[in-house]
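Enquirer: Next comes the structure file entry.txt, holding compact mmCIF, C-alpha atoms.
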# COMPACT_ATOMS: atom_id res chain seq x y z
CA MET A 1 0.00 0.00 0.00
CA SER A 2 1.22 3.45 -0.85
CA THR A 3 1.54 5.89 2.04
CA LYS A 4 0.96 8.91 -0.23
CA PRO A 5 -2.24 10.78 0.56
CA ILE A 6 -4.68 10.18 -2.31
CA GLN A 7 -6.65 13.06 -3.76
CA LYS A 8 -10.32 12.07 -4.14
CA GLU A 9 -11.33 12.68 -7.75
CA LEU A 10 -14.76 11.48 -8.81
CA ILE A 11 -15.51 10.73 -12.46
CA ASN A 12 -19.03 9.36 -12.99
CA GLY A 13 -19.20 8.97 -9.21
CA VAL A 14 -16.14 6.69 -9.27
CA ASP A 15 -13.08 7.60 -7.19
CA VAL A 16 -10.51 7.15 -9.97
CA PRO A 17 -7.35 7.57 -7.83
CA GLN A 18 -8.71 4.86 -5.51
CA LEU A 19 -9.49 2.64 -8.54
CA THR A 20 -5.93 3.16 -9.84
CA GLN A 21 -4.60 2.34 -6.38
CA ILE A 22 -6.65 -0.87 -6.25
CA ILE A 23 -5.31 -1.93 -9.66
CA ASP A 24 -1.74 -1.27 -8.49
CA ASP A 25 -2.29 -3.15 -5.22
CA LEU A 26 -3.86 -6.20 -6.90
CA THR A 27 -1.16 -6.27 -9.57
CA GLN A 28 1.52 -6.33 -6.90
CA ASN A 29 -0.33 -8.68 -4.55
CA PRO A 30 -2.69 -11.08 -6.37
CA ASN A 31 -3.87 -12.49 -3.00
CA LEU A 32 -5.81 -9.25 -2.47
CA ALA A 33 -7.71 -9.93 -5.72
CA GLN A 34 -9.29 -13.11 -4.34
CA PHE A 35 -12.94 -12.46 -3.49
CA HIS A 36 -15.41 -14.95 -2.04
CA PHE A 37 -19.13 -14.16 -2.22
CA CYS A 38 -21.97 -16.03 -0.55
CA ALA A 39 -25.73 -16.10 -0.03
CA LYS A 40 -28.06 -18.02 2.27
CA ASN A 41 -31.47 -19.13 1.04
CA ASN A 42 -34.57 -20.34 2.88
CA TRP A 43 -37.51 -21.94 1.13
CA VAL A 44 -40.87 -20.47 2.23
CA SER A 45 -43.53 -22.47 0.33
CA GLY A 46 -44.19 -23.44 -3.29
CA GLY A 47 -42.28 -21.07 -5.55
CA GLU A 48 -41.45 -18.61 -2.77
CA ASN A 49 -38.06 -18.41 -1.09
CA GLN A 50 -35.89 -15.80 0.55
CA THR A 51 -32.21 -15.05 0.12
CA THR A 52 -30.01 -13.17 2.58
CA VAL A 53 -26.77 -11.54 1.49
CA ASN A 54 -24.46 -10.03 4.08
CA GLU A 55 -20.81 -11.06 4.31
CA PHE A 56 -18.12 -11.47 1.73
CA TYR A 57 -14.38 -11.92 1.76
CA GLY A 58 -12.01 -9.89 -0.38
CA GLY A 59 -8.91 -7.71 -0.39
CA GLY A 60 -7.47 -9.94 2.32
CA LYS A 61 -10.28 -9.60 4.86
CA LYS A 62 -13.87 -10.39 5.74
CA HIS A 63 -16.50 -7.67 5.21
CA VAL A 64 -19.86 -7.57 6.98
CA ARG A 65 -22.59 -5.10 6.05
CA SER A 66 -24.27 -2.97 8.71
CA LYS A 67 -27.47 -4.86 7.89
CA PRO A 68 -28.16 -7.79 5.56
CA PHE A 69 -29.85 -7.47 2.16
CA VAL A 70 -32.91 -9.74 1.98
CA PHE A 71 -34.63 -10.77 -1.26
CA THR A 72 -37.97 -12.49 -1.70
CA LYS A 73 -38.44 -14.51 -4.85
CA ASP A 74 -41.75 -15.90 -5.99
CA GLU A 75 -43.49 -16.94 -9.19
CA PRO A 76 -46.46 -15.20 -10.79
CA PRO A 77 -49.82 -17.03 -10.63
CA THR A 78 -49.40 -18.36 -14.17
CA LEU A 79 -46.30 -20.17 -12.86
CA LEU A 80 -48.09 -21.38 -9.71
CA GLY A 81 -46.95 -18.62 -7.36
CA HIS A 82 -48.43 -15.58 -5.65
CA ASP A 83 -46.26 -12.79 -7.09
CA ASN A 84 -44.70 -12.01 -3.71
CA GLY A 85 -41.44 -11.20 -5.50
CA ALA A 86 -39.81 -11.15 -8.90
CA ASN A 87 -38.96 -14.62 -10.09
CA PRO A 88 -35.44 -16.07 -10.30
CA VAL A 89 -34.98 -15.56 -14.05
CA GLU A 90 -35.90 -11.90 -13.55
CA TYR A 91 -33.34 -11.67 -10.73
CA ALA A 92 -30.79 -13.06 -13.19
CA LEU A 93 -31.53 -10.18 -15.60
CA THR A 94 -31.27 -7.77 -12.63
CA ALA A 95 -27.82 -9.13 -11.74
CA LEU A 96 -26.65 -8.92 -15.33
CA ALA A 97 -28.00 -5.38 -15.83
CA GLY A 98 -26.15 -4.15 -12.76
CA CYS A 99 -22.88 -5.83 -13.55
CA VAL A 100 -22.66 -4.71 -17.18
CA THR A 101 -23.56 -1.14 -16.17
CA THR A 102 -21.04 -0.94 -13.33
CA THR A 103 -18.26 -2.48 -15.40
CA LEU A 104 -18.93 -0.01 -18.20
CA VAL A 105 -19.01 2.96 -15.81
CA TYR A 106 -15.80 1.95 -13.99
CA TYR A 107 -13.89 1.55 -17.27
CA ALA A 108 -15.33 4.81 -18.63
CA SER A 109 -14.16 6.58 -15.48
CA ALA A 110 -10.67 5.08 -15.77
CA MET A 111 -10.58 6.30 -19.41
CA ASN A 112 -11.85 9.76 -18.36
CA VAL A 113 -15.03 9.32 -20.41
CA LYS A 114 -17.87 11.27 -18.79
CA ILE A 115 -21.24 9.53 -18.75
CA ASN A 116 -24.44 11.48 -18.07
CA LYS A 117 -26.99 8.71 -18.19
CA ILE A 118 -27.34 5.01 -18.97
CA GLU A 119 -30.66 3.28 -19.46
CA SER A 120 -30.85 -0.32 -20.54
CA THR A 121 -33.41 -2.98 -21.27
CA LEU A 122 -32.66 -6.67 -20.93
CA GLU A 123 -34.77 -9.34 -22.60
CA GLY A 124 -34.61 -13.08 -22.95
CA ASP A 125 -36.73 -16.00 -24.10
CA ILE A 126 -37.29 -19.21 -22.20
CA ASP A 127 -39.13 -22.25 -23.54
CA LEU A 128 -40.85 -23.71 -20.47
CA ARG A 129 -40.75 -27.20 -21.99
CA GLY A 130 -37.10 -27.31 -20.87
CA LEU A 131 -37.90 -26.62 -17.21
CA LEU A 132 -40.80 -29.08 -17.25
CA ASN A 133 -38.84 -31.78 -19.14
CA ILE A 134 -41.55 -32.03 -21.79
CA ASP A 135 -38.84 -32.24 -24.47
CA ASP A 136 -35.31 -33.23 -23.45
CA GLY A 137 -33.82 -31.42 -26.45
CA ILE A 138 -34.95 -28.01 -25.23
CA LYS A 139 -32.62 -25.80 -23.18
CA ALA A 140 -34.17 -24.98 -19.80
CA GLY A 141 -32.50 -21.58 -19.52
CA TYR A 142 -32.42 -18.40 -21.55
CA LYS A 143 -31.72 -19.05 -25.24
CA SER A 144 -29.79 -15.78 -25.24
CA ILE A 145 -30.04 -12.41 -23.50
CA ASP A 146 -30.27 -9.11 -25.39
CA ILE A 147 -29.09 -5.93 -23.69
CA LYS A 148 -29.97 -2.65 -25.35
CA LEU A 149 -28.13 0.34 -23.91
CA LYS A 150 -29.00 4.00 -24.31
CA ILE A 151 -25.97 6.01 -23.21
CA ASP A 152 -25.93 9.79 -22.88
CA SER A 153 -22.30 10.89 -23.19
CA ASN A 154 -20.12 13.18 -25.27
CA ALA A 155 -17.98 10.18 -26.21
CA SER A 156 -18.07 8.93 -29.80
CA ALA A 157 -20.11 5.88 -30.80
CA GLU A 158 -16.77 4.14 -31.38
CA VAL A 159 -15.66 4.74 -27.79
CA LEU A 160 -19.06 3.62 -26.46
CA GLU A 161 -18.93 0.44 -28.57
CA LYS A 162 -15.46 -0.24 -27.15
CA LEU A 163 -16.76 0.25 -23.59
CA MET A 164 -19.64 -2.13 -24.29
CA ALA A 165 -17.25 -4.79 -25.60
CA ILE A 166 -15.12 -4.38 -22.45
CA ALA A 167 -18.24 -4.62 -20.25
CA LYS A 168 -19.38 -7.79 -22.01
CA LYS A 169 -15.99 -9.43 -21.58
CA HIS A 170 -15.02 -8.19 -18.10
CA SER A 171 -18.36 -7.97 -16.26
CA PRO A 172 -18.21 -10.85 -13.76
CA VAL A 173 -21.92 -11.72 -14.19
CA ALA A 174 -21.80 -11.52 -18.02
CA ASN A 175 -18.65 -13.62 -17.97
CA THR A 176 -20.24 -16.16 -15.60
CA ILE A 177 -23.22 -16.54 -17.96
CA THR A 178 -21.40 -16.63 -21.29
CA ASN A 179 -18.60 -18.96 -20.27
CA GLY A 180 -20.38 -22.04 -18.98
CA THR A 181 -19.59 -21.80 -15.28
CA PRO A 182 -19.76 -25.08 -13.32
CA ILE A 183 -22.33 -25.40 -10.52
CA ASN A 184 -21.84 -28.06 -7.85
CA LEU A 185 -24.79 -29.17 -5.72
CA SER A 186 -24.29 -31.17 -2.57
CA LEU A 187 -26.50 -32.38 0.27
CA VAL A 188 -25.42 -31.58 3.81
CA MET B 1 -57.48 -26.10 -22.15
CA SER B 2 -59.53 -28.71 -20.29
CA THR B 3 -63.01 -27.67 -19.21
CA LYS B 4 -63.00 -30.09 -16.28
CA PRO B 5 -63.09 -28.39 -12.89
CA ILE B 6 -59.72 -28.96 -11.22
CA GLN B 7 -59.51 -29.92 -7.56
CA LYS B 8 -56.91 -27.76 -5.79
CA GLU B 9 -54.40 -30.05 -4.11
CA LEU B 10 -51.37 -28.44 -2.54
CA ILE B 11 -48.16 -30.41 -2.04
CA ASN B 12 -45.31 -28.29 -0.63
CA GLY B 13 -47.52 -25.29 -1.39
CA VAL B 14 -47.64 -26.27 -5.09
CA ASP B 15 -51.01 -26.82 -6.77
CA VAL B 16 -50.18 -30.19 -8.34
CA PRO B 17 -53.35 -30.60 -10.46
CA GLN B 18 -52.65 -27.15 -11.93
CA LEU B 19 -49.02 -28.12 -12.57
CA THR B 20 -50.19 -31.30 -14.32
CA GLN B 21 -52.64 -29.25 -16.36
CA ILE B 22 -49.88 -26.82 -17.38
CA ILE B 23 -47.66 -29.72 -18.50
CA ASP B 24 -50.57 -31.15 -20.56
CA ASP B 25 -51.34 -27.77 -22.10
CA LEU B 26 -47.73 -27.01 -23.04
CA THR B 27 -47.25 -30.50 -24.45
CA GLN B 28 -50.26 -30.04 -26.72
CA ASN B 29 -49.57 -26.40 -27.55
CA PRO B 30 -45.84 -25.51 -27.48
CA ASN B 31 -46.66 -21.86 -28.27
CA LEU B 32 -47.94 -21.54 -24.71
CA ALA B 33 -44.49 -22.57 -23.44
CA GLN B 34 -42.77 -19.52 -24.97
CA PHE B 35 -41.96 -17.03 -22.21
CA HIS B 36 -40.29 -13.66 -22.65
CA PHE B 37 -38.81 -11.92 -19.58
CA CYS B 38 -37.46 -8.40 -19.36
CA ALA B 39 -35.95 -5.82 -17.00
CA LYS B 40 -35.21 -2.11 -17.25
CA ASN B 41 -32.13 -0.65 -15.64
CA ASN B 42 -31.13 2.92 -14.77
CA TRP B 43 -27.64 3.88 -13.72
CA VAL B 44 -27.58 6.11 -10.61
CA SER B 45 -23.88 6.96 -10.03
CA GLY B 46 -20.62 5.04 -9.75
CA GLY B 47 -21.43 1.42 -8.88
CA GLU B 48 -25.07 2.10 -8.06
CA ASN B 49 -27.95 1.32 -10.42
CA GLN B 50 -31.58 0.35 -10.17
CA THR B 51 -33.51 -2.35 -12.00
CA THR B 52 -37.27 -2.48 -12.45
CA VAL B 53 -39.08 -5.74 -13.22
CA ASN B 54 -42.76 -5.70 -14.03
CA GLU B 55 -44.10 -7.25 -17.23
CA PHE B 56 -43.46 -10.55 -18.92
CA TYR B 57 -45.04 -12.53 -21.70
CA GLY B 58 -45.95 -16.20 -21.43
CA GLY B 59 -48.69 -18.76 -21.84
CA GLY B 60 -49.89 -16.82 -24.88
CA LYS B 61 -50.40 -13.46 -23.18
CA LYS B 62 -48.78 -10.45 -21.53
CA HIS B 63 -48.72 -10.29 -17.73
CA VAL B 64 -48.32 -7.09 -15.72
CA ARG B 65 -47.79 -7.10 -11.95
CA SER B 66 -49.96 -4.92 -9.72
CA LYS B 67 -46.77 -3.01 -8.87
CA PRO B 68 -43.23 -3.28 -10.18
CA PHE B 69 -40.35 -4.90 -8.30
CA VAL B 70 -37.44 -2.47 -7.91
CA PHE B 71 -33.89 -3.49 -7.03
CA THR B 72 -30.98 -1.30 -6.03
CA LYS B 73 -27.52 -2.61 -6.71
CA ASP B 74 -24.36 -1.05 -5.38
CA GLU B 75 -20.84 -2.04 -4.49
CA PRO B 76 -19.33 -2.12 -1.00
CA PRO B 77 -16.74 0.59 -0.17
CA THR B 78 -13.87 -1.80 -0.86
CA LEU B 79 -15.17 -1.97 -4.44
CA LEU B 80 -15.68 1.82 -4.65
CA GLY B 81 -19.38 1.90 -3.75
CA HIS B 82 -21.54 2.93 -0.80
CA ASP B 83 -23.26 -0.37 0.06
CA ASN B 84 -26.69 0.94 -0.93
CA GLY B 85 -27.56 -2.55 -2.18
CA ALA B 86 -26.13 -6.00 -2.69
CA ASN B 87 -23.75 -6.12 -5.62
CA PRO B 88 -24.49 -7.79 -8.97
CA VAL B 89 -22.54 -10.99 -8.31
CA GLU B 90 -24.53 -11.41 -5.07
CA TYR B 91 -27.76 -10.89 -7.05
CA ALA B 92 -26.59 -13.67 -9.35
CA LEU B 93 -26.29 -16.04 -6.36
CA THR B 94 -29.75 -14.88 -5.25
CA ALA B 95 -31.23 -15.72 -8.65
CA LEU B 96 -29.56 -19.11 -8.70
CA ALA B 97 -30.62 -19.96 -5.13
CA GLY B 98 -34.25 -19.21 -5.94
CA CYS B 99 -34.33 -21.09 -9.20
CA VAL B 100 -32.70 -24.27 -7.94
CA THR B 101 -34.98 -24.28 -4.87
CA THR B 102 -38.18 -23.71 -6.85
CA THR B 103 -37.29 -26.29 -9.49
CA LEU B 104 -36.54 -28.84 -6.77
CA VAL B 105 -39.78 -28.10 -4.91
CA TYR B 106 -41.96 -28.27 -8.06
CA TYR B 107 -40.49 -31.63 -9.10
CA ALA B 108 -40.77 -32.96 -5.54
CA SER B 109 -44.44 -31.95 -5.51
CA ALA B 110 -45.08 -33.65 -8.86
CA MET B 111 -43.42 -36.81 -7.45
CA ASN B 112 -45.49 -36.53 -4.24
CA VAL B 113 -42.35 -36.04 -2.13
CA LYS B 114 -43.15 -33.93 0.91
CA ILE B 115 -40.55 -31.32 1.86
CA ASN B 116 -40.57 -29.69 5.29
CA LYS B 117 -37.65 -27.31 4.95
CA ILE B 118 -34.85 -26.37 2.58
CA GLU B 119 -31.92 -24.20 3.57
CA SER B 120 -29.06 -23.60 1.21
CA THR B 121 -25.80 -21.72 1.05
CA LEU B 122 -24.24 -20.58 -2.19
CA GLU B 123 -20.59 -19.65 -2.50
CA GLY B 124 -18.30 -18.66 -5.30
CA ASP B 125 -14.82 -17.23 -5.87
CA ILE B 126 -13.96 -14.36 -8.18
CA ASP B 127 -10.43 -13.20 -8.98
CA LEU B 128 -10.78 -9.46 -9.41
CA ARG B 129 -7.82 -9.37 -11.80
CA GLY B 130 -10.27 -10.61 -14.48
CA LEU B 131 -12.68 -7.70 -14.02
CA LEU B 132 -9.83 -5.19 -13.90
CA ASN B 133 -7.99 -6.75 -16.88
CA ILE B 134 -4.79 -7.04 -14.86
CA ASP B 135 -4.22 -10.50 -16.37
CA ASP B 136 -6.01 -11.44 -19.60
CA GLY B 137 -5.80 -15.15 -18.76
CA ILE B 138 -8.02 -14.82 -15.69
CA LYS B 139 -11.79 -15.44 -15.95
CA ALA B 140 -13.73 -12.34 -14.85
CA GLY B 141 -16.69 -14.33 -13.52
CA TYR B 142 -17.21 -16.98 -10.88
CA LYS B 143 -14.74 -19.86 -11.22
CA SER B 144 -17.56 -22.15 -10.10
CA ILE B 145 -20.53 -21.93 -7.73
CA ASP B 146 -21.07 -24.37 -4.86
CA ILE B 147 -24.60 -24.93 -3.57
CA LYS B 148 -24.97 -26.80 -0.30
CA LEU B 149 -28.53 -27.88 0.45
CA LYS B 150 -29.95 -28.96 3.78
CA ILE B 151 -33.30 -30.63 3.09
CA ASP B 152 -35.71 -31.77 5.79
CA SER B 153 -37.90 -34.47 4.26
CA ASN B 154 -38.92 -38.06 4.84
CA ALA B 155 -37.60 -38.93 1.38
CA SER B 156 -34.48 -41.08 1.11
CA ALA B 157 -31.09 -39.55 0.36
CA GLU B 158 -31.32 -41.28 -3.03
CA VAL B 159 -34.56 -39.49 -3.91
CA LEU B 160 -33.14 -36.16 -2.70
CA GLU B 161 -29.99 -36.66 -4.79
CA LYS B 162 -32.21 -37.37 -7.80
CA LEU B 163 -34.20 -34.17 -7.16
CA MET B 164 -30.97 -32.20 -6.89
CA ALA B 165 -29.74 -33.58 -10.22
CA ILE B 166 -33.07 -32.62 -11.82
CA ALA B 167 -32.88 -29.14 -10.30
CA LYS B 168 -29.34 -28.63 -11.58
CA LYS B 169 -30.32 -29.69 -15.10
CA HIS B 170 -33.78 -28.11 -15.38
CA SER B 171 -33.51 -24.90 -13.31
CA PRO B 172 -33.56 -22.13 -15.94
CA VAL B 173 -31.00 -20.01 -14.06
CA ALA B 174 -28.65 -22.96 -13.38
CA ASN B 175 -29.01 -24.00 -17.01
CA THR B 176 -28.32 -20.42 -18.20
CA ILE B 177 -25.11 -20.31 -16.14
CA THR B 178 -23.75 -23.78 -16.87
CA ASN B 179 -24.44 -23.80 -20.62
CA GLY B 180 -22.65 -20.74 -21.90
CA THR B 181 -25.60 -18.54 -22.82
CA PRO B 182 -24.92 -15.82 -25.45
CA ILE B 183 -25.33 -12.17 -24.42
CA ASN B 184 -25.81 -9.55 -27.14
CA LEU B 185 -25.15 -5.89 -26.35
CA SER B 186 -26.30 -3.13 -28.66
CA LEU B 187 -26.39 0.64 -28.53
CA VAL B 188 -29.73 2.33 -29.20
As C-alpha cells, please, write out the structure in this file.

Expert:
Amino acid sequence: MSTKPIQKELINGVDVPQLTQIIDDLTQNPNLAQFHFCAKNNWVSGGENQTTVNEFYGGGKKHVRSKPFVFTKDEPPTLLGHDNGANPVEYALTALAGCVTTTLVYYASAMNVKINKIESTLEGDIDLRGLLNIDDGIKAGYKSIDIKLKIDSNASAEVLEKLMAIAKKHSPVANTITNGTPINLSLV
Amino acid sequence: MSTKPIQKELINGVDVPQLTQIIDDLTQNPNLAQFHFCAKNNWVSGGENQTTVNEFYGGGKKHVRSKPFVFTKDEPPTLLGHDNGANPVEYALTALAGCVTTTLVYYASAMNVKINKIESTLEGDIDLRGLLNIDDGIKAGYKSIDIKLKIDSNASAEVLEKLMAIAKKHSPVANTITNGTPINLSLV
C-alpha cells in the first residue's frame, strides 16, 4: 500500500485515484484480488423463497454489512406462485443489468469518459418445456439475452462500442453466464 | 385447455393438479411454453444502479404485476461503492438460489415427495484481476458456484440426490449459467 495521501477525484461517481490504487495493489499482490461471495437461502412455500446476502471476503479480509440485504423470490400465478417477489430468471436479468452497467461505468471513469446517463433494457426468451422436461432437447435456460443500452455521453459511438465490448468481456456476471460456469450441488 | 373443474391439491404449497394441467397444455400447444422476460435498468452513479421488473409474456399473453419490483444494486466501499444494495454478483447467487430451490420443490411436488424445509448456502470465488484486466488469462466471472442444500424431508437420500440432479439440469438459471448462454449488447 502506498503511504501517499490520495486526492479524491470522482468521475461518474467513481473515485478514480482509488481505482488506480486498487489496480496497483492487486497487480503487486494477487492475493488481495481473491474475493469470495456467498448467499443463504430459505424456502418459504411453493415457488417462494428468501435469500439473505451479508458477508463477503475480499482484499485480504472479511466484510460484513451494517445490515443484511434480503430478497424475496416468488413466481407469478401463471407459474403457480403468488407474485410475492420477482422470479429467479428476472433476478438473473437484474444481476446482469447491474454488472454490465457498473463495469462499463468503472472503465469509462478510468478512461476519463464522462457519462451522463445510462438506461438499458434486458430481454430473454425461455421455452418452459425445458424446465418441465416435456422435451429433453430443449434448453431450460435463456436461449440468449439481449441488452440494449442507451448512453448519454459526449464520447463517440466508437468509444461507447469499445466500452460495451469491455463490459461484455469483463463484467463478472456476463462472464459467468457466457462462459459455462460449473455449478456443484451437494447435500449436507 | 380442459373444461374439467380442477380440484386444488397443494403439495409443498404447489397446486399439483394445476401443474399437471400446465404440462398437458404445453405439451399439446408448445406456443404456450414460450416465455419472454425483461428488466429495465437505470444507472444512478458510480457502482449504483436500479432495476425495475414488471411485465413478462408467457402462456400466450402479456402479464403485468400490480406493482413493479425495484432493485438497487451497489458495491461495498472496498469496491468503490456505498453499500446501498447488494452487488451484482450477489444478485446472481440470489437468482440461482431461488431457481434451484423452486425447481426442486416443483419436481418434488409432482413426485409426491413432501418437503418440510430447505436451507441452502451458495458460494463462489472471483479473482478481481479478471474484471480489472490485470491479467487477460483470468476469468472475470465466478470460477464455479457451490450450492450446499440442507433438506428436511422423509424422502431417502437417493430421492433427494435425484431431485438435486433434476434441479441442476432443469432450473432455468442454473441452465443459463452452466451452458454458456450468449449475451448480445447493442447501442440504441

Enquirer: Go through A:Leu32, A:Ile145, A:Leu79, A:Ile22 and flag the residue nearest chain B, using only C-alpha atoms for the distances.

Expert: A:Ile145

Enquirer: So which one's closest to Ala167 in chain A, A:Gly137, A:Asn116, A:Met111, A:Thr101? Using all atoms listed in the file, please.

Expert: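 Residue with the minimum atom-to-atom distance to Ala167 in chain A: A:Thr101.
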
Enquirer: Report, in Å to a single decimal, how far apart CA of Lys168 in chain A and CA of Thr103 in chain A are.

Expert: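 Between these atoms lies a distance of 8.6 Å.
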
Enquirer: Go through range 46-118 of chain B and flag each residue having an atom no more than 12 Å from range 117-132 of chain A; for those, report the closest pair of atoms plus their distance in Å to one decimal, using all atoms listed in the file, ordered by chain and rising number, as CSV.

Expert:
residue,atom,partner,partner_atom,distance
B:Gly46,CA,A:Lys117,CA,11.2
B:Glu48,CA,A:Ile118,CA,11.5
B:Asn49,CA,A:Ile118,CA,9.3
B:Gln50,CA,A:Glu119,CA,9.8
B:Thr51,CA,A:Ser120,CA,9.2
B:Thr52,CA,A:Thr121,CA,9.6
B:Val53,CA,A:Leu122,CA,10.1
B:Glu55,CA,A:Glu123,CA,11.0
B:Phe56,CA,A:Glu123,CA,9.5
B:Tyr57,CA,A:Asp125,CA,9.3
B:Gly58,CA,A:Leu128,CA,9.1
B:Gly59,CA,A:Leu128,CA,9.4
B:Cys99,CA,A:Leu131,CA,10.4
B:Val100,CA,A:Leu131,CA,10.9
B:Thr102,CA,A:Leu131,CA,10.8
B:Thr103,CA,A:Leu131,CA,7.8
B:Leu104,CA,A:Leu131,CA,10.8
B:Tyr106,CA,A:Leu132,CA,9.3
B:Tyr107,CA,A:Leu132,CA,8.5
B:Ala110,CA,A:Leu132,CA,10.5

Enquirer: Between CA of Glu75 in chain A and CA of Ala95 in chain A, what distance in Å does the model show, to one decimal?

Expert: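 One can read the CA of Glu75 in chain A to CA of Ala95 in chain A distance as 17.7 Å.
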
Enquirer: I'd like the interatomic distance between CA of Ala33 in chain A and CA of Lys148 in chain B, to a tenth of an Å.

Expert: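 Between CA of Ala33 in chain A and CA of Lys148 in chain B the gap works out to 24.7 Å.
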
Enquirer: How would you write as JSON, numbers by chain the residues that get within 8 Å of (-15.6, 5.2, -24.1) in the file's frame, counting only C-alpha atoms?

Expert: {"A": [107, 108, 111, 113, 155, 156, 158, 159, 160, 161, 162, 163]}
